[in-house]
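Undergrad: Pasting my_file04.tsv here (TSV, C-alpha atoms):
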```tsv
chain	number	residue	atom	x	y	z
A	4	MET	CA	-25.90	-7.74	1.30
A	5	ASN	CA	-25.83	-5.34	-1.68
A	6	VAL	CA	-28.15	-2.90	0.08
A	7	LEU	CA	-25.98	-3.01	3.21
A	8	PHE	CA	-22.83	-2.41	1.12
A	9	LEU	CA	-24.50	0.55	-0.63
A	10	LYS	CA	-25.54	2.05	2.72
A	11	ARG	CA	-21.99	1.77	4.04
A	12	LEU	CA	-20.62	3.29	0.84
A	13	LEU	CA	-23.00	6.24	1.02
A	14	HIS	CA	-22.33	6.71	4.72
A	15	GLY	CA	-18.59	6.76	4.12
A	16	ALA	CA	-18.95	9.26	1.27
A	17	ILE	CA	-20.68	11.96	3.34
A	18	VAL	CA	-17.56	13.61	4.77
A	19	PRO	CA	-15.46	13.48	1.54
A	20	LEU	CA	-18.34	14.93	-0.51
A	21	ALA	CA	-18.92	17.67	2.07
A	22	ALA	CA	-15.20	18.53	2.03
A	23	LEU	CA	-15.21	18.69	-1.79
A	24	ALA	CA	-18.29	20.91	-1.77
A	25	LEU	CA	-16.67	23.29	0.73
A	26	TRP	CA	-13.44	23.32	-1.28
A	27	GLN	CA	-15.33	24.11	-4.52
A	28	MET	CA	-17.31	26.86	-2.80
A	29	LEU	CA	-14.16	28.53	-1.46
A	30	ALA	CA	-12.62	28.36	-4.94
A	31	ALA	CA	-15.77	29.72	-6.60
A	32	PHE	CA	-15.84	32.76	-4.28
A	33	GLY	CA	-12.15	33.40	-4.97
A	34	TRP	CA	-11.12	32.93	-1.34
A	35	ILE	CA	-8.23	30.65	-2.29
A	36	ASN	CA	-5.53	31.22	-4.89
A	37	PRO	CA	-6.17	28.82	-7.82
A	38	GLN	CA	-2.41	28.63	-8.47
A	39	ILE	CA	-1.84	27.37	-4.94
A	40	LEU	CA	-4.98	25.27	-4.49
A	41	PRO	CA	-7.02	24.76	-7.69
A	42	SER	CA	-10.70	23.89	-7.42
A	43	PRO	CA	-11.94	20.27	-7.49
A	44	VAL	CA	-13.41	20.89	-10.96
A	45	GLN	CA	-10.02	22.07	-12.23
A	46	VAL	CA	-8.31	19.06	-10.63
A	47	MET	CA	-10.84	16.68	-12.17
A	48	ARG	CA	-10.33	18.29	-15.58
A	49	LYS	CA	-6.56	17.82	-15.26
A	50	TRP	CA	-7.06	14.23	-14.05
A	51	PHE	CA	-9.02	13.35	-17.20
A	52	GLU	CA	-6.36	15.06	-19.30
A	53	TYR	CA	-3.72	13.02	-17.45
A	54	LEU	CA	-5.76	9.86	-18.07
A	55	SER	CA	-6.51	10.47	-21.75
A	56	PRO	CA	-4.30	9.23	-24.60
A	57	MET	CA	-1.88	11.87	-25.80
A	58	GLU	CA	-2.61	11.26	-29.48
A	59	ALA	CA	-5.86	10.84	-31.42
A	60	TYR	CA	-6.81	7.28	-32.29
A	61	ALA	CA	-6.02	6.06	-35.78
A	62	PRO	CA	-7.10	2.57	-36.94
A	63	GLU	CA	-3.64	1.82	-38.30
A	64	GLN	CA	-2.24	2.17	-34.77
A	65	GLY	CA	-3.76	-1.18	-33.84
A	66	ASN	CA	-5.93	-2.27	-30.92
A	67	TYR	CA	-8.34	0.37	-29.60
A	68	LEU	CA	-7.99	-0.81	-25.98
A	69	VAL	CA	-4.21	-0.46	-26.17
A	70	TRP	CA	-4.66	3.10	-27.41
A	71	LEU	CA	-7.21	3.80	-24.68
A	72	VAL	CA	-4.66	3.09	-21.93
A	73	SER	CA	-1.78	4.83	-23.67
A	74	GLY	CA	-2.03	8.02	-21.60
A	75	GLU	CA	0.44	9.11	-18.94
A	76	LEU	CA	-1.73	8.12	-15.98
A	77	PRO	CA	-2.25	4.42	-16.90
A	78	HIS	CA	1.48	4.00	-17.57
A	79	ASP	CA	2.49	5.78	-14.36
A	80	ALA	CA	-0.10	3.91	-12.29
A	81	TRP	CA	1.02	0.55	-13.70
A	82	ALA	CA	4.67	1.37	-12.98
A	83	SER	CA	3.89	2.37	-9.39
A	84	LEU	CA	1.65	-0.65	-8.74
A	85	THR	CA	4.29	-3.00	-10.15
A	86	ARG	CA	6.88	-1.55	-7.78
A	87	VAL	CA	4.52	-1.66	-4.78
A	88	ILE	CA	3.50	-5.28	-5.34
A	89	GLY	CA	7.04	-6.43	-6.22
A	90	GLY	CA	8.62	-4.71	-3.22
A	91	PHE	CA	5.87	-5.92	-0.90
A	92	VAL	CA	6.26	-9.53	-2.07
A	93	ILE	CA	10.02	-9.37	-1.45
A	94	GLY	CA	9.69	-7.73	1.98
A	95	ALA	CA	6.81	-9.88	3.20
A	96	GLY	CA	8.38	-13.02	1.72
A	97	LEU	CA	11.50	-12.45	3.83
A	98	ALA	CA	9.67	-11.27	6.94
A	99	LEU	CA	7.12	-14.08	7.22
A	100	PRO	CA	9.45	-17.09	7.66
A	101	LEU	CA	11.83	-15.10	9.88
A	102	GLY	CA	8.93	-13.89	12.02
A	103	LEU	CA	7.55	-17.42	12.38
A	104	LEU	CA	10.97	-18.73	13.42
A	105	MET	CA	11.60	-15.90	15.87
A	106	GLY	CA	8.16	-16.25	17.38
A	107	ALA	CA	8.37	-20.02	17.76
A	108	ASN	CA	12.01	-20.36	18.83
A	109	GLN	CA	13.37	-18.37	21.77
A	110	THR	CA	17.01	-18.94	20.78
A	111	ILE	CA	16.50	-17.55	17.29
A	112	TYR	CA	14.53	-14.64	18.77
A	113	LYS	CA	17.41	-13.71	21.10
A	114	LEU	CA	19.92	-13.94	18.25
A	115	PHE	CA	18.10	-11.71	15.77
A	116	ASP	CA	16.10	-9.33	17.97
A	117	PRO	CA	18.93	-6.91	18.95
A	118	LEU	CA	19.92	-6.32	15.31
A	119	LEU	CA	16.32	-5.93	14.18
A	120	GLN	CA	15.55	-3.47	16.99
A	121	ILE	CA	18.50	-1.35	15.83
A	122	LEU	CA	17.38	-1.42	12.18
A	123	ARG	CA	13.63	-1.07	12.74
A	124	PRO	CA	13.54	2.65	13.73
A	125	ILE	CA	15.55	3.66	10.63
A	126	PRO	CA	13.05	4.98	8.05
A	127	PRO	CA	13.31	3.57	4.52
A	128	ILE	CA	13.97	7.09	3.23
A	129	ALA	CA	17.31	7.08	5.09
A	130	TYR	CA	18.45	4.19	2.87
A	131	ILE	CA	18.05	6.22	-0.34
A	132	PRO	CA	21.75	7.21	-0.71
A	133	LEU	CA	22.86	3.62	-0.08
A	134	ALA	CA	20.16	2.24	-2.39
A	135	ILE	CA	21.36	4.44	-5.25
A	136	LEU	CA	25.01	3.64	-4.45
A	137	TRP	CA	24.36	-0.11	-4.39
A	138	PHE	CA	21.78	-0.47	-7.17
A	139	GLY	CA	22.11	2.68	-9.27
A	140	LEU	CA	18.96	4.27	-10.70
A	141	GLY	CA	15.79	2.55	-11.92
A	142	ASN	CA	13.63	-0.16	-10.43
A	143	PRO	CA	16.18	-2.05	-8.25
A	144	PRO	CA	16.62	0.73	-5.63
A	145	ALA	CA	12.84	1.29	-5.61
A	146	PHE	CA	12.20	-2.41	-4.95
A	147	PHE	CA	14.86	-2.36	-2.23
A	148	LEU	CA	13.32	0.63	-0.43
A	149	ILE	CA	9.76	-0.69	-0.70
A	150	SER	CA	10.79	-4.13	0.58
A	151	ILE	CA	12.36	-2.50	3.65
A	152	GLY	CA	9.18	-0.52	4.26
A	153	SER	CA	7.08	-3.70	4.02
A	154	PHE	CA	9.47	-5.95	5.94
A	155	PHE	CA	9.16	-4.69	9.50
A	156	PRO	CA	5.35	-4.39	9.83
A	157	VAL	CA	4.95	-7.98	8.63
A	158	LEU	CA	7.84	-9.21	10.77
A	159	MET	CA	6.78	-7.60	14.04
A	160	ASN	CA	3.13	-8.63	13.67
A	161	THR	CA	4.12	-12.20	12.82
A	162	ILE	CA	6.36	-12.44	15.88
A	163	ALA	CA	3.63	-10.98	18.09
A	164	GLY	CA	1.05	-13.37	16.66
A	165	VAL	CA	3.14	-16.47	17.27
A	166	ARG	CA	4.26	-15.44	20.76
A	167	GLN	CA	0.74	-14.60	21.90
A	168	VAL	CA	-0.87	-17.92	21.06
A	169	ASP	CA	-3.02	-18.92	24.03
A	170	GLY	CA	-1.16	-21.45	26.21
A	171	ILE	CA	-4.37	-23.44	26.63
A	172	TYR	CA	-4.29	-24.36	22.94
A	173	LEU	CA	-0.65	-25.46	23.17
A	174	ARG	CA	-1.23	-27.61	26.26
A	175	ALA	CA	-4.33	-29.17	24.72
A	176	ALA	CA	-2.40	-30.03	21.55
A	177	ARG	CA	0.43	-31.60	23.57
A	178	ASN	CA	-2.05	-33.63	25.63
A	179	LEU	CA	-3.55	-34.94	22.39
A	180	GLY	CA	-0.10	-36.08	21.26
A	181	ALA	CA	0.59	-33.44	18.61
A	182	GLY	CA	4.19	-33.21	17.44
A	183	GLN	CA	6.08	-29.97	16.84
A	184	MET	CA	5.20	-29.69	13.15
A	185	THR	CA	1.55	-30.60	13.72
A	186	MET	CA	1.30	-28.07	16.53
A	187	PHE	CA	2.88	-25.42	14.33
A	188	ARG	CA	0.61	-26.09	11.35
A	189	ARG	CA	-2.64	-26.76	13.19
A	190	VAL	CA	-2.38	-24.50	16.25
A	191	ILE	CA	0.29	-21.79	16.09
A	192	LEU	CA	-0.05	-20.72	12.45
A	193	PRO	CA	-3.88	-20.44	12.45
A	194	ALA	CA	-3.82	-18.54	15.77
A	195	ALA	CA	-1.18	-16.13	14.44
A	196	THR	CA	-2.93	-15.56	11.08
A	197	PRO	CA	-4.97	-12.50	12.21
A	198	TYR	CA	-1.75	-10.78	13.30
A	199	ILE	CA	0.05	-11.74	10.08
A	200	LEU	CA	-2.75	-10.38	7.92
A	201	SER	CA	-2.85	-7.16	9.94
A	202	GLY	CA	0.90	-6.80	9.41
A	203	ALA	CA	0.48	-7.39	5.68
A	204	ARG	CA	-2.17	-4.68	5.51
A	205	ILE	CA	0.08	-2.20	7.33
A	206	GLY	CA	3.04	-3.25	5.19
A	207	MET	CA	1.10	-2.60	1.98
A	208	GLY	CA	0.19	0.88	3.22
A	209	THR	CA	3.84	1.58	4.02
A	210	ALA	CA	4.82	0.33	0.55
A	211	PHE	CA	2.60	2.99	-1.02
A	212	ILE	CA	4.29	5.69	1.04
A	213	VAL	CA	7.78	4.51	0.15
A	214	VAL	CA	7.12	4.03	-3.57
A	215	ILE	CA	6.26	7.71	-4.01
A	216	VAL	CA	9.48	8.81	-2.33
A	217	ALA	CA	11.51	6.26	-4.32
A	218	GLU	CA	9.98	7.42	-7.60
A	219	MET	CA	10.84	11.03	-6.80
A	220	ILE	CA	14.49	10.09	-6.45
A	221	ALA	CA	15.48	7.02	-8.43
A	222	VAL	CA	13.22	6.51	-11.46
A	223	ASN	CA	11.81	8.47	-14.41
A	224	ASN	CA	8.20	7.27	-14.40
A	225	GLY	CA	5.45	6.47	-11.93
A	226	LEU	CA	3.05	8.60	-9.93
A	227	GLY	CA	5.75	9.94	-7.60
A	228	PHE	CA	7.94	11.01	-10.51
A	229	ARG	CA	4.99	12.72	-12.21
A	230	ILE	CA	4.11	14.65	-9.04
A	231	LEU	CA	7.70	15.87	-8.74
A	232	GLU	CA	7.70	16.84	-12.43
A	233	ALA	CA	4.45	18.78	-11.94
A	234	ARG	CA	6.00	20.64	-9.01
A	235	GLU	CA	8.88	21.78	-11.23
A	236	TYR	CA	6.36	23.39	-13.61
A	237	PHE	CA	4.06	24.59	-10.81
A	238	TRP	CA	1.15	22.47	-12.06
A	239	SER	CA	-0.78	22.36	-8.79
A	240	ASP	CA	-3.79	20.70	-10.39
A	241	LYS	CA	-1.66	17.83	-11.71
A	242	ILE	CA	0.05	17.43	-8.33
A	243	ILE	CA	-3.31	17.06	-6.59
A	244	ALA	CA	-4.63	14.79	-9.35
A	245	GLY	CA	-1.64	12.51	-8.81
A	246	MET	CA	-2.14	12.58	-5.05
A	247	PHE	CA	-5.79	11.60	-5.37
A	248	THR	CA	-4.84	8.81	-7.76
A	249	ILE	CA	-2.46	7.41	-5.15
A	250	GLY	CA	-5.18	7.69	-2.52
A	251	PHE	CA	-7.75	5.85	-4.63
A	252	PHE	CA	-5.31	3.06	-5.48
A	253	GLY	CA	-4.40	2.73	-1.82
A	254	LEU	CA	-8.07	2.62	-0.85
A	255	ALA	CA	-8.83	-0.02	-3.49
A	256	ILE	CA	-5.96	-2.28	-2.40
A	257	ASP	CA	-6.73	-1.83	1.29
A	258	THR	CA	-10.40	-2.66	0.67
A	259	ALA	CA	-9.40	-5.77	-1.27
A	260	MET	CA	-7.02	-6.86	1.48
A	261	ASN	CA	-9.68	-6.24	4.12
A	262	ALA	CA	-12.17	-8.35	2.15
A	263	LEU	CA	-9.54	-11.11	1.86
A	264	ASN	CA	-8.86	-10.91	5.60
A	265	ASN	CA	-12.57	-11.22	6.38
A	266	HIS	CA	-12.86	-14.20	4.04
A	267	LEU	CA	-9.85	-15.99	5.52
A	268	LEU	CA	-10.84	-15.20	9.11
A	269	LYS	CA	-14.48	-16.27	9.04
A	270	TRP	CA	-13.66	-18.71	11.80
A	271	HIS	CA	-12.14	-16.04	14.05
A	272	ARG	CA	-14.28	-15.43	17.08
A	273	GLY	CA	-13.56	-11.70	17.11
A	274	LEU	CA	-14.92	-11.14	13.60
A	275	GLU	CA	-18.40	-9.71	13.33
A	276	HIS	CA	-20.66	-11.14	10.64
A	277	ASN	CA	-23.18	-8.53	9.69
```
Now, as a test, write the supplied structure out as structure tokens.

TA:
Amino acid sequence: MNVLFLKRLLHGAIVPLAALALWQMLAAFGWINPQILPSPVQVMRKWFEYLSPMEAYAPEQGNYLVWLVSGELPHDAWASLTRVIGGFVIGAGLALPLGLLMGANQTIYKLFDPLLQILRPIPPIAYIPLAILWFGLGNPPAFFLISIGSFFPVLMNTIAGVRQVDGIYLRAARNLGAGQMTMFRRVILPAATPYILSGARIGMGTAFIVVIVAEMIAVNNGLGFRILEAREYFWSDKIIAGMFTIGFFGLAIDTAMNALNNHLLKWHRGLEHN
């Protein structure tokens, strides 16, 4: 298993490493303006500077580990992750029960679907003026925007999952005397789980997109805020360092969610075990 994982990791790293090598070569030959697009080495140097504590360690300051994570990057990353997870929990927590109800009950579906189809195409960014008007500045508008971005992917996938449960399973459950709650718990919910988890994965990705926009507008910390600050001072290397940080966090969370999906869906007949 470890050998297989290493092979996949190396295989997936070929294109990114080749792109970095090409980028560094173009920068080394002076074919690109370092003010516009700094070299990978320059970006990495700025990333470590962004990560490092801003002051030298002194024993009287207290715990060494606390000092070690006292740089701008750990604080900004923690602020962004807190907003992503908080907004996602709010959005998914509202979308999941509503999606289950709309998928299982045709009357509820007909009541809510027109309104949701009107709201769904509106991008979360369009809510920024209202979010600031309603909640002011700080974390509340950011949580609001992120929850909207997470809400609809989870909702639509949950509805689709419930409504596409194979009729054979439903008829078999009825023939065996299953009641409504038993059928929901033992047939509908397990069959819809792959869709729900796919929606959660998409919703988490959307949350990462929205948090950066929200932090550029409504708050004074976080990765999005730091990227906007770097733009004001024309620090291209810090902008790209922040962008890569967002990408790596997104990759880590998506990988974790994919591993969780595979663990929870071992029973699913469409899942390959290799």

Undergrad: Figure out the distance between CA of Ile149 (chain A) and CA of Gly94 (chain A), please, to one decimal in Å.

TA: 7.5 Å

Undergrad: Name all residues at most 10 Å from region 198-206 of chain A (count all atoms listed in the file; drop same-chain ones fewer than 6 positions away) and give them as a PyMOL selection string.

TA: chain A and resi 91-92+94-95+99+102-103+149-165+167+192+212+256-261+263-265+267-268

Undergrad: Using only C-alpha atoms for the distances, tell me which of A:Thr209, A:Asn36, A:Asn66, A:Gln45 is nearest to Leu148 (chain A).

TA: A:Thr209

Undergrad: Record the distance separating CA of Pro144 (chain A) and CA of Val216 (chain A), expressed in Å with one decimal.

TA: 11.3 Å

Undergrad: Around the point (-7.2, 8.0, -17.3), in the coordinates given by the file, pick out the residues reaching within 8 Å, counting only C-alpha atoms, and return them as a CSV table (one decimal) with C-alpha atoms, in the frame of the given file.

TA:
```csv
chain,number,residue,atom,x,y,z
A,50,TRP,CA,-7.1,14.2,-14.0
A,51,PHE,CA,-9.0,13.4,-17.2
A,52,GLU,CA,-6.4,15.1,-19.3
A,53,TYR,CA,-3.7,13.0,-17.4
A,54,LEU,CA,-5.8,9.9,-18.1
A,55,SER,CA,-6.5,10.5,-21.8
A,56,PRO,CA,-4.3,9.2,-24.6
A,72,VAL,CA,-4.7,3.1,-21.9
A,74,GLY,CA,-2.0,8.0,-21.6
A,75,GLU,CA,0.4,9.1,-18.9
A,76,LEU,CA,-1.7,8.1,-16.0
A,77,PRO,CA,-2.2,4.4,-16.9
```

Undergrad: With all atoms listed in the file as the atoms that count, which of A:Asp79, A:Glu58, A:Asp116, A:Glu218 lies nearest to Leu231 (chain A)?

TA: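 Selected residue with least distance to Leu231 (chain A): A:Glu218.
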
Undergrad: Need to verify the contact set: Glu232 (chain A), 9 Å, only C-alpha atoms, exclusion of same-chain residues closer than 6 positions in sequence. Can you return it as JSON, numbers by chain?

TA: {"A": [219, 238, 242]}

Undergrad: Output the selection as a compact mmCIF listing (two decimals), in the frame of the given file - C-alpha atoms for each residue.

TA:
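Output file part.txt follows:
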```
# COMPACT_ATOMS: atom_id res chain seq x y z
CA MET A 219 10.84 11.03 -6.80
CA TRP A 238 1.15 22.47 -12.06
CA ILE A 242 0.05 17.43 -8.33
```

Undergrad: Point out the residue among A:Thr248, A:Gln120, A:Ser83, A:Gln109 with the least atom-to-atom distance to Asn223 (chain A), counting only C-alpha atoms.

TA: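 The answer is A:Ser83, which sits nearest to Asn223 (chain A).
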
Undergrad: Separation of CA of Ile131 (chain A) and CA of Gly245 (chain A), in Å?

TA: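 Pair CA of Ile131 (chain A) / CA of Gly245 (chain A) returns 22.3 Å.
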
Undergrad: Box in all listed atoms of region 133-144 of chain A, axis-aligned, with 3 Å more on each side; write out centre and edge lengths in Å to one decimal as JSON.

TA:
```
{"center_x": 19.3, "center_y": 1.2, "center_z": -6.0, "size_x": 17.4, "size_y": 12.5, "size_z": 17.8}
```

Undergrad: With distances taken over all atoms listed in the file, which residue among A:Ala98, A:Val44, A:Ile39, A:Ala255 lies nearest Arg234 (chain A)?

TA: A:Ile39

Undergrad: Between A:Trp34, A:Ala217, A:Lys49, A:Leu118, which one has atoms that come closest to Ala233 (chain A), using only C-alpha atoms?

TA: A:Lys49
